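Visitor: To be precise about what I am sending: the file is called entry_3.cif and holds mmCIF, C-alpha atoms.
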```cif
data_coords
loop_
_atom_site.label_atom_id
_atom_site.label_comp_id
_atom_site.auth_asym_id
_atom_site.auth_seq_id
_atom_site.Cartn_x
_atom_site.Cartn_y
_atom_site.Cartn_z
CA MET H 1 42.93 -157.16 104.85
CA ASN H 2 43.85 -160.61 106.12
CA LEU H 3 40.75 -162.63 105.33
CA GLN H 4 40.77 -163.15 101.57
CA GLU H 5 38.19 -165.89 101.70
CA GLU H 6 36.14 -166.71 98.60
CA SER H 7 33.27 -164.46 99.66
CA ASP H 8 35.62 -161.49 100.11
CA LEU H 9 36.26 -161.36 96.37
CA ARG H 10 32.58 -160.52 95.78
CA ASN H 11 32.23 -158.16 98.73
CA THR H 12 33.97 -155.11 97.27
CA VAL H 13 33.46 -151.34 97.41
CA ALA H 14 34.82 -148.34 95.52
CA ILE H 15 37.04 -146.03 97.58
CA SER H 16 39.16 -142.94 97.03
CA ALA H 17 42.75 -143.86 96.23
CA ARG H 18 44.33 -140.67 97.56
CA ARG H 19 44.95 -141.89 101.12
CA PHE H 20 46.65 -145.14 100.19
CA GLU H 21 49.97 -146.01 98.58
CA GLU H 22 49.91 -147.37 95.06
CA SER H 23 52.27 -150.24 94.33
CA PRO H 24 55.36 -149.15 92.36
CA PHE H 25 55.00 -152.46 90.49
CA ILE H 26 51.40 -151.87 89.37
CA SER H 27 52.36 -151.41 85.71
CA ARG H 28 53.72 -154.97 85.67
CA GLN H 29 50.65 -156.69 87.13
CA ASP H 30 47.47 -154.66 86.58
CA THR H 31 44.54 -156.30 84.80
CA SER H 32 40.83 -155.56 84.50
CA LYS H 33 40.13 -158.54 86.80
CA MET H 34 42.25 -157.32 89.71
CA VAL H 35 40.59 -157.06 93.13
CA ARG H 36 42.70 -155.18 95.65
CA GLY H 37 42.84 -154.93 99.39
CA ILE H 38 44.36 -152.33 101.71
CA TYR H 39 46.93 -153.27 104.32
CA ALA H 40 49.26 -150.95 106.26
CA GLY H 41 47.90 -148.12 104.12
CA ARG H 42 48.97 -149.83 100.89
CA PHE H 43 47.10 -151.36 97.97
CA PHE H 44 47.81 -154.95 97.01
CA ALA H 45 46.24 -157.58 94.78
CA VAL H 46 44.10 -160.17 96.55
CA TYR H 47 42.86 -161.59 93.23
CA ASN H 48 43.89 -161.12 89.62
CA GLY H 49 41.71 -163.47 87.62
CA GLU H 50 43.89 -166.51 88.28
CA ASP H 51 42.89 -169.98 89.48
CA PRO H 52 44.17 -169.84 93.09
CA ILE H 53 44.52 -173.62 93.33
CA GLU H 54 46.72 -173.74 90.22
CA LYS H 55 48.82 -170.92 91.66
CA TYR H 56 48.99 -172.79 94.97
CA TRP H 57 50.53 -175.82 93.28
CA THR H 58 52.98 -173.59 91.41
CA LEU H 59 54.00 -172.21 94.80
CA ARG H 60 54.47 -175.68 96.26
CA ARG H 61 56.25 -177.15 93.22
CA LYS H 62 58.10 -174.22 91.63
CA ALA H 63 57.86 -170.60 92.82
CA LEU H 64 55.62 -167.55 92.92
CA ILE H 65 56.48 -163.87 93.15
CA PHE H 66 54.22 -161.73 95.34
CA ASP H 67 53.97 -157.94 95.66
CA VAL H 68 53.07 -157.70 99.35
CA PRO H 69 52.04 -154.66 101.44
CA GLU H 70 53.91 -155.29 104.70
CA LYS H 71 55.56 -152.02 105.72
CA PRO H 72 59.12 -151.62 107.03
CA VAL H 73 59.56 -148.88 109.66
CA GLU H 74 63.06 -147.61 110.42
CA ILE H 75 64.23 -147.09 114.01
CA SER H 76 67.63 -145.44 114.24
CA GLY H 77 69.82 -143.55 116.67
CA PRO H 78 71.75 -144.27 119.90
CA ASP H 79 68.58 -145.39 121.73
CA ALA H 80 67.11 -147.50 118.90
CA ALA H 81 67.76 -150.85 120.59
CA ARG H 82 66.57 -149.45 123.92
CA LEU H 83 63.24 -148.37 122.41
CA LEU H 84 62.69 -151.72 120.69
CA ASP H 85 63.52 -153.57 123.90
CA LYS H 86 60.87 -151.47 125.59
CA VAL H 87 58.07 -152.20 123.11
CA LEU H 88 58.90 -155.75 121.95
CA THR H 89 58.63 -159.01 123.90
CA ARG H 90 62.03 -160.31 122.73
CA ARG H 91 65.51 -158.99 123.47
CA VAL H 92 66.88 -156.69 120.80
CA ASP H 93 70.04 -155.36 122.46
CA THR H 94 71.82 -158.69 121.81
CA MET H 95 70.80 -158.97 118.14
CA LYS H 96 73.50 -159.55 115.58
CA ARG H 97 73.64 -157.69 112.30
CA GLU H 98 72.10 -159.38 109.26
CA ARG H 99 69.69 -161.30 111.44
CA GLY H 100 65.91 -161.13 111.74
CA TYR H 101 63.56 -162.06 114.61
CA TYR H 102 59.82 -162.52 114.69
CA ALA H 103 58.73 -160.12 117.44
CA ILE H 104 55.48 -159.04 119.09
CA ALA H 105 54.50 -155.71 120.62
CA CYS H 106 51.94 -155.83 123.44
CA THR H 107 49.53 -153.32 124.90
CA PRO H 108 49.95 -152.39 128.58
CA GLN H 109 47.12 -154.88 129.25
CA GLY H 110 49.16 -157.71 127.67
CA GLY H 111 47.18 -157.93 124.43
CA ILE H 112 48.81 -158.26 121.01
CA PHE H 113 49.14 -154.83 119.42
CA MET H 114 51.47 -155.67 116.55
CA ASP H 115 53.58 -158.46 115.13
CA GLY H 116 56.33 -158.45 112.54
CA ILE H 117 60.00 -159.08 111.90
CA VAL H 118 62.77 -156.91 113.32
CA PHE H 119 66.07 -156.68 111.42
CA LYS H 120 69.34 -155.18 112.56
CA LEU H 121 70.74 -153.48 109.45
CA ALA H 122 73.63 -151.73 111.19
CA GLU H 123 74.70 -150.53 114.60
CA ASN H 124 71.87 -148.33 115.94
CA ARG H 125 69.76 -148.95 112.81
CA PHE H 126 66.83 -151.38 112.71
CA TRP H 127 63.84 -152.11 110.50
CA TYR H 128 60.61 -153.50 111.87
CA VAL H 129 58.49 -155.01 109.08
CA GLN H 130 55.07 -154.48 110.56
CA ALA H 131 51.64 -155.93 110.01
CA ASP H 132 48.56 -153.73 109.63
CA GLY H 133 48.20 -150.91 112.17
CA PRO H 134 49.65 -147.59 113.42
CA PHE H 135 53.00 -148.85 114.66
CA GLU H 136 54.96 -145.72 113.75
CA ALA H 137 52.79 -143.64 116.09
CA TRP H 138 53.20 -146.32 118.79
CA LEU H 139 56.99 -146.11 118.54
CA ILE H 140 56.97 -142.31 118.58
CA ALA H 141 54.80 -142.27 121.70
CA HIS H 142 57.02 -144.73 123.58
CA GLY H 143 60.24 -143.07 122.41
CA CYS H 144 59.66 -139.91 124.39
CA GLY H 145 62.94 -138.76 125.98
CA MET H 146 65.06 -141.12 123.88
CA ASP H 147 67.63 -140.25 121.23
CA VAL H 148 65.91 -142.11 118.42
CA ALA H 149 64.37 -141.35 115.02
CA ILE H 150 61.32 -143.13 113.61
CA SER H 151 60.99 -142.91 109.83
CA ASP H 152 59.39 -144.50 106.80
CA PRO H 153 62.08 -145.77 104.37
CA GLY H 154 59.40 -146.12 101.67
CA SER H 155 60.32 -149.75 101.10
CA ARG H 156 57.96 -151.97 99.11
CA VAL H 157 58.47 -155.69 99.72
CA ILE H 158 58.66 -158.46 97.13
CA GLN H 159 58.42 -162.13 98.14
CA ILE H 160 59.74 -165.02 96.07
CA GLN H 161 58.46 -168.23 97.61
CA GLY H 162 58.65 -171.91 96.70
CA PRO H 163 61.20 -174.72 96.34
CA ALA H 164 62.89 -173.06 93.34
CA SER H 165 63.41 -169.78 95.19
CA ILE H 166 67.06 -170.45 96.09
CA ASP H 167 67.94 -171.14 92.44
CA ILE H 168 66.04 -168.03 91.36
CA MET H 169 67.70 -165.78 93.93
CA ASN H 170 71.07 -167.29 93.08
CA ALA H 171 70.53 -166.28 89.46
CA ALA H 172 69.13 -162.85 90.41
CA SER H 173 72.15 -162.09 92.64
CA ASP H 174 74.78 -163.37 90.18
CA GLY H 175 75.55 -166.30 92.47
CA LYS H 176 75.90 -164.36 95.73
CA ILE H 177 72.78 -165.87 97.38
CA ASP H 178 72.95 -169.64 97.83
CA GLU H 179 72.17 -172.50 100.23
CA SER H 180 74.51 -171.03 102.85
CA MET H 181 72.01 -168.23 103.58
CA SER H 182 70.12 -169.61 106.55
CA TYR H 183 66.50 -169.14 107.57
CA PHE H 184 65.89 -165.63 109.01
CA SER H 185 69.31 -164.35 107.95
CA SER H 186 69.59 -161.22 105.82
CA GLY H 187 71.93 -158.75 104.17
CA TYR H 188 72.57 -156.38 101.29
CA PHE H 189 72.99 -157.87 97.82
CA ASP H 190 73.36 -156.62 94.26
CA ILE H 191 70.10 -157.58 92.55
CA GLY H 192 70.26 -156.63 88.89
CA GLY H 193 72.58 -153.71 89.52
CA GLN H 194 70.65 -152.38 92.55
CA GLU H 195 71.88 -152.73 96.14
CA LEU H 196 68.91 -154.09 98.11
CA TYR H 197 68.24 -155.72 101.46
CA VAL H 198 67.23 -159.40 101.22
CA SER H 199 66.05 -161.80 103.91
CA ARG H 200 65.38 -165.50 103.82
CA THR H 201 61.86 -165.21 105.18
CA GLY H 202 58.29 -165.14 103.90
CA PHE H 203 54.61 -165.56 104.63
CA THR H 204 54.00 -169.03 103.20
CA ASN H 205 56.07 -171.50 105.25
CA GLU H 206 57.63 -172.52 101.95
CA LEU H 207 61.32 -171.97 101.34
CA GLY H 208 61.57 -168.35 100.25
CA PHE H 209 63.00 -164.84 100.30
CA GLU H 210 61.90 -161.24 100.72
CA ILE H 211 63.44 -158.32 98.83
CA TYR H 212 63.15 -154.83 100.32
CA CYS H 213 63.16 -151.90 97.92
CA ASP H 214 65.11 -148.74 98.79
CA GLY H 215 62.36 -146.17 98.36
CA ALA H 216 62.72 -143.70 95.50
CA LYS H 217 66.27 -144.93 94.84
CA THR H 218 64.93 -148.20 93.47
CA ASP H 219 64.05 -148.61 89.80
CA HIS H 220 61.02 -150.78 90.53
CA PRO H 221 60.03 -151.81 86.98
CA SER H 222 63.64 -152.76 86.23
CA LEU H 223 63.83 -154.82 89.43
CA TRP H 224 60.57 -156.62 88.60
CA ASP H 225 61.75 -157.45 85.08
CA HIS H 226 65.10 -158.70 86.37
CA LEU H 227 63.43 -161.00 88.91
CA MET H 228 60.95 -162.33 86.35
CA ASP H 229 63.81 -163.05 83.93
CA ALA H 230 65.71 -164.89 86.69
CA GLY H 231 62.63 -166.92 87.57
CA GLN H 232 61.46 -167.77 84.07
CA PRO H 233 63.71 -170.87 83.62
CA TYR H 234 62.36 -172.24 86.92
CA GLY H 235 58.68 -171.74 86.14
CA MET H 236 58.13 -168.79 88.49
CA GLU H 237 54.86 -166.89 88.02
CA PHE H 238 53.28 -163.78 89.48
CA SER H 239 50.34 -164.31 91.81
CA SER H 240 47.95 -162.27 93.87
CA THR H 241 48.01 -163.06 97.58
CA ARG H 242 45.15 -165.58 97.35
CA ALA H 243 47.51 -168.57 97.07
CA LEU H 244 49.72 -167.08 99.77
CA THR H 245 46.75 -166.89 102.14
CA ILE H 246 45.92 -170.57 101.65
CA ARG H 247 49.50 -171.58 102.33
CA ARG H 248 49.99 -169.29 105.33
CA ILE H 249 46.96 -170.80 107.07
CA GLU H 250 48.15 -174.34 106.32
CA GLY H 251 51.51 -173.30 107.78
CA GLY H 252 50.06 -171.86 110.98
CA ILE H 253 51.00 -168.23 110.28
CA LEU H 254 48.61 -165.85 112.04
CA GLY H 255 47.19 -162.62 110.70
CA ASN H 256 47.23 -159.64 113.05
CA THR H 257 43.73 -158.19 113.74
CA THR H 258 42.20 -161.25 112.03
CA ASP H 259 43.37 -164.33 113.95
CA MET H 260 44.81 -162.44 116.91
CA ASP H 261 44.27 -158.96 118.29
CA ALA H 262 44.57 -156.74 121.35
CA THR H 263 42.02 -158.85 123.24
CA MET H 264 44.41 -161.86 123.16
CA THR H 265 47.70 -162.32 124.95
CA PRO H 266 50.59 -163.90 123.02
CA PHE H 267 50.05 -166.97 125.23
CA GLU H 268 46.42 -167.27 124.12
CA ALA H 269 47.57 -167.00 120.50
CA GLY H 270 50.01 -169.88 120.99
CA LEU H 271 53.03 -167.55 120.75
CA ALA H 272 54.50 -168.00 124.23
CA LYS H 273 57.94 -168.89 122.84
CA PHE H 274 58.25 -165.36 121.47
CA VAL H 275 57.81 -163.75 124.89
CA ASP H 276 60.96 -163.45 126.99
CA MET H 277 59.74 -162.88 130.54
CA SER H 278 63.34 -163.02 131.78
CA LYS H 279 64.35 -159.81 129.99
CA GLY H 280 63.92 -156.38 131.47
CA GLU H 281 60.72 -154.40 131.59
CA PHE H 282 58.67 -154.14 128.38
CA VAL H 283 55.21 -152.85 127.61
CA GLY H 284 52.70 -155.46 128.82
CA ARG H 285 55.13 -157.51 130.90
CA THR H 286 53.42 -156.82 134.23
CA ALA H 287 50.03 -157.77 132.78
CA LEU H 288 51.45 -161.05 131.42
CA GLU H 289 52.89 -162.19 134.74
CA GLY H 290 51.01 -165.23 136.03
CA ARG H 291 48.70 -165.43 132.99
CA ASP H 292 47.47 -168.77 131.68
CA ARG H 293 49.85 -169.95 128.96
CA ARG H 294 47.42 -172.33 127.26
CA SER H 295 46.53 -171.42 123.69
CA LEU H 296 42.99 -170.49 122.68
CA LEU H 297 43.85 -170.62 118.98
CA LEU H 298 43.80 -174.07 117.37
CA GLY H 299 42.99 -175.62 114.01
CA LEU H 300 39.76 -177.13 112.71
CA THR H 301 39.60 -179.54 109.78
CA CYS H 302 36.41 -180.40 107.94
CA LYS H 303 35.80 -182.94 105.16
CA SER H 304 32.42 -181.60 104.06
CA ALA H 305 32.91 -177.80 103.97
CA THR H 306 35.46 -175.00 104.13
CA PRO H 307 35.42 -173.12 107.45
CA ALA H 308 34.45 -169.47 107.08
CA ALA H 309 35.26 -166.48 109.26
CA GLY H 310 32.58 -165.95 111.86
CA SER H 311 31.43 -169.57 111.93
CA ALA H 312 30.52 -170.79 115.41
CA VAL H 313 32.35 -173.76 116.91
CA LEU H 314 29.88 -175.93 118.84
CA ASP H 315 30.44 -178.50 121.54
CA SER H 316 27.21 -180.46 122.19
CA GLY H 317 25.25 -177.51 120.83
CA GLU H 318 27.02 -174.92 123.00
CA VAL H 319 29.07 -172.19 121.31
CA VAL H 320 32.64 -172.58 122.59
CA GLY H 321 34.52 -170.59 119.94
CA ARG H 322 34.53 -169.14 116.46
CA ILE H 323 36.42 -169.45 113.20
CA THR H 324 38.73 -166.51 112.45
CA ALA H 325 39.70 -167.56 108.89
CA GLY H 326 39.27 -170.60 106.69
CA VAL H 327 40.50 -171.92 103.34
CA PRO H 328 40.51 -175.15 101.34
CA SER H 329 43.75 -177.08 101.83
CA PRO H 330 44.78 -178.66 98.51
CA THR H 331 47.56 -180.65 100.19
CA LEU H 332 45.29 -182.18 102.84
CA GLY H 333 42.15 -182.36 100.70
CA LEU H 334 40.15 -180.78 103.53
CA GLY H 335 38.66 -177.48 104.57
CA ILE H 336 40.80 -175.93 107.31
CA GLY H 337 40.52 -172.91 109.56
CA TYR H 338 41.64 -171.33 112.79
CA ALA H 339 39.32 -171.91 115.74
CA ARG H 340 39.52 -169.32 118.51
CA PHE H 341 38.09 -170.81 121.71
CA ASN H 342 36.42 -168.79 124.44
CA SER H 343 38.41 -170.55 127.16
CA PRO H 344 41.30 -173.03 127.36
CA GLY H 345 40.54 -176.72 127.43
CA ASP H 346 41.46 -180.19 126.17
CA TRP H 347 40.13 -179.42 122.70
CA ILE H 348 42.77 -181.07 120.49
CA GLY H 349 41.66 -184.39 119.00
CA ARG H 350 37.97 -183.80 119.63
CA THR H 351 35.23 -183.83 117.01
CA MET H 352 32.96 -180.78 117.14
CA SER H 353 30.39 -179.03 115.02
CA MET H 354 30.83 -175.88 112.99
CA ARG H 355 27.89 -173.63 112.12
CA LEU H 356 28.63 -171.62 108.99
CA PRO H 357 27.27 -168.07 108.55
CA ASN H 358 24.56 -169.48 106.22
CA GLY H 359 23.32 -171.76 109.03
CA GLU H 360 24.73 -175.03 107.70
CA ILE H 361 26.25 -177.32 110.34
CA HIS H 362 29.23 -179.56 109.58
CA ARG H 363 31.36 -181.85 111.69
CA GLY H 364 35.03 -181.00 112.17
CA ARG H 365 38.06 -182.12 114.11
CA ILE H 366 40.17 -179.90 116.36
CA VAL H 367 43.90 -180.15 115.68
CA ASP H 368 47.08 -178.37 116.63
CA ILE H 369 48.63 -175.89 114.22
CA PRO H 370 50.36 -175.76 111.83
CA PHE H 371 48.24 -178.26 109.96
CA PHE H 372 51.33 -180.07 108.63
CA ASP H 373 55.15 -179.74 108.69
CA ARG H 374 55.18 -178.84 112.39
CA GLU H 375 58.97 -179.09 112.52
CA LYS H 376 59.25 -176.42 109.76
CA LYS H 377 61.43 -178.65 107.61
CA ILE H 378 60.02 -177.17 104.39
CA VAL H 379 60.71 -173.51 105.18
CA ARG H 380 64.18 -174.36 106.53
CA GLY H 381 65.01 -176.29 103.34
CA VAL H 382 65.45 -179.61 105.14
CA ASP H 383 62.47 -181.19 103.38
CA ARG H 384 62.89 -180.55 99.65
CA THR H 385 60.23 -183.07 98.63
CA ILE H 386 57.96 -181.56 95.99
CA PRO H 387 54.33 -182.70 96.28
#
```
Would you mind writing the file's structure down as structure tokens?
Guide:
Amino acid sequence: MNLQEESDLRNTVAISARRFEESPFISRQDTSKMVRGIYAGRFFAVYNGEDPIEKYWTLRRKALIFDVPEKPVEISGPDAARLLDKVLTRRVDTMKRERGYYAIACTPQGGIFMDGIVFKLAENRFWYVQADGPFEAWLIAHGCGMDVAISDPGSRVIQIQGPASIDIMNAASDGKIDESMSYFSSGYFDIGGQELYVSRTGFTNELGFEIYCDGAKTDHPSLWDHLMDAGQPYGMEFSSTRALTIRRIEGGILGNTTDMDATMTPFEAGLAKFVDMSKGEFVGRTALEGRDRRSLLLGLTCKSATPAAGSAVLDSGEVVGRITAGVPSPTLGLGIGYARFNSPGDWIGRTMSMRLPNGEIHRGRIVDIPFFDREKKIVRGVDRTIP
């Protein structure tokens, strides 16, 4: 569930819990007000009775801890790198250990099937932290004839995001994690007496870290309590993913199956830099040859309303696109959303109309994404200014 717009919190249904994974941290966060979503077959909190704008400012000024549902898949064996090179659009065979890459998997038709982060944990051992979808089955199907094993390490992921996150992780790791850990680097660290994989990544475009549990070997409640104790002096709070969703849209992070899907190429999603056409053959490469590299996915800002998923984007009354997701931006003081256009064009800088699902029409401006901090100075720790 990538939307998490205001209306989603009232559009809920009761479902059987047997098919989906419960969070091992549920005892530390459950309340009667919790609304949960399902992502990658896992439950997670999209709302927990909090004021999302207050949590947003805690994220931007201090830190938040999130229990997120992204799912690591393990790829191991002599042909692990070969398989990943076959299904991903970036080179994996040259990856260094303790390094992560954002990487896309395409369909044979060149559409986006999956996105996530690939980590090289050891020689012939990788994790791909996937978005929502059946990626394990995809890997198994494409690994036919290869000496490779696809498995679920049972890892639940915790994110600590915000400007205080380095100080918090330094305290949580007894000083082992510090400023020298660069963006997208990773490694094993002792976190409260438990050896866990940690990466300097996240889903907010704020400075932050992700902690990967080690399945049944991890004492999850103890880990949660240790992290909360480390974060308490720095004002860290727990939050549902509502504040994270606002910040990820401001930061230009796309949601798979929401903002992009198998009907879009990586080029149309504005992700051309993550496609290495000079590498060897990979699934979708032939279909991507000669394709238009102009992005169909841009931003829309609106002073009078918050864009909502499904809203039509109008140019002189003609529908030229639609909104995939929208949120209020507390930093900009505007409503913002992703506008997916039907065809490429000189859209940036133009004023257009947006027709909301309730029929209201508002004027908006088409902009490039991300909506601010386009040089990623915040997430890289270069800009430490606290708003």
Visitor: Can you list, as a list in words, the residues that the PyMOL selection byres ((chain H and resi 353) around 7) selects here?
Guide: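 Selected by the PyMOL selection byres ((chain H and resi 353) around 7) here: Val313, Leu314, Asp315, Met352, Met354, Arg355, Ile361, His362, Arg363 and Gly364 of chain H.
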Visitor: Could you dump the residues just selected with C-alpha atoms as a CSV table (one decimal), in the frame of the given file?
Guide:
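That gives us selection26.csv:
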```csv
chain,number,residue,atom,x,y,z
H,313,VAL,CA,32.4,-173.8,116.9
H,314,LEU,CA,29.9,-175.9,118.8
H,315,ASP,CA,30.4,-178.5,121.5
H,352,MET,CA,33.0,-180.8,117.1
H,354,MET,CA,30.8,-175.9,113.0
H,355,ARG,CA,27.9,-173.6,112.1
H,361,ILE,CA,26.2,-177.3,110.3
H,362,HIS,CA,29.2,-179.6,109.6
H,363,ARG,CA,31.4,-181.8,111.7
H,364,GLY,CA,35.0,-181.0,112.2
```
Visitor: How would you write, as a compact mmCIF listing (two decimals) with C-alpha atoms, in the frame of the given file, the residues chosen by the PyMOL selection byres ((chain H and resi 299-301) around 7) on this structure?
Guide:
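Below is the file expr03.txt, written as the result:
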```
# COMPACT_ATOMS: atom_id res chain seq x y z
CA LEU H 298 43.80 -174.07 117.37
CA CYS H 302 36.41 -180.40 107.94
CA LYS H 303 35.80 -182.94 105.16
CA LEU H 334 40.15 -180.78 103.53
CA GLY H 335 38.66 -177.48 104.57
CA ILE H 336 40.80 -175.93 107.31
CA GLY H 337 40.52 -172.91 109.56
CA TYR H 338 41.64 -171.33 112.79
CA ALA H 339 39.32 -171.91 115.74
CA GLY H 364 35.03 -181.00 112.17
CA ARG H 365 38.06 -182.12 114.11
CA ILE H 366 40.17 -179.90 116.36
CA VAL H 367 43.90 -180.15 115.68
CA ASP H 368 47.08 -178.37 116.63
CA ILE H 369 48.63 -175.89 114.22
```
Visitor: Env of H:Gly49: 12 Å cut, atoms = all atoms listed in the file, seq-sep filter 6 positions within chain, self excluded. Answer as number ranges by chain.
Guide: H: 9, 29-36, 55, 238-242
Visitor: Mind running stretch 188-295 of chain H against stretch 146-159 of chain H at 9 Å and telling me each contacting residue's nearest atom pair with the distance in Å (one decimal), counting all atoms listed in the file, chain and number ascending, as a Markdown table?
Guide:
```
| residue | atom | partner | partner_atom | distance |
| --- | --- | --- | --- | --- |
| H:Thr201 | CA | H:Gln159 | CA | 8.4 |
| H:Gly202 | CA | H:Gln159 | CA | 6.5 |
| H:Phe203 | CA | H:Gln159 | CA | 8.3 |
| H:Gly208 | CA | H:Gln159 | CA | 7.3 |
| H:Phe209 | CA | H:Gln159 | CA | 5.7 |
| H:Glu210 | CA | H:Gln159 | CA | 4.4 |
| H:Ile211 | CA | H:Ile158 | CA | 5.1 |
| H:Tyr212 | CA | H:Val157 | CA | 4.8 |
| H:Cys213 | CA | H:Ser155 | CA | 4.8 |
| H:Asp214 | CA | H:Ser155 | CA | 5.4 |
| H:Gly215 | CA | H:Gly154 | CA | 4.4 |
| H:Ala216 | CA | H:Gly154 | CA | 7.4 |
| H:Trp224 | CA | H:Ile158 | CA | 8.9 |
```
Visitor: Taking into account only C-alpha atoms, which residue in the set H:Phe372, H:Phe274, H:Phe282, H:Phe113 is nearest to H:Arg248?
Guide: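 The shortest atom-to-atom distance to H:Arg248 comes from H:Phe372.
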Visitor: Please indicate the distance in Å from atom CA of H:Gly77 to atom CA of H:Asn124, rounded to one decimal place.
Guide: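 We find that atom CA of H:Gly77 and atom CA of H:Asn124 lie 5.3 Å from each other.
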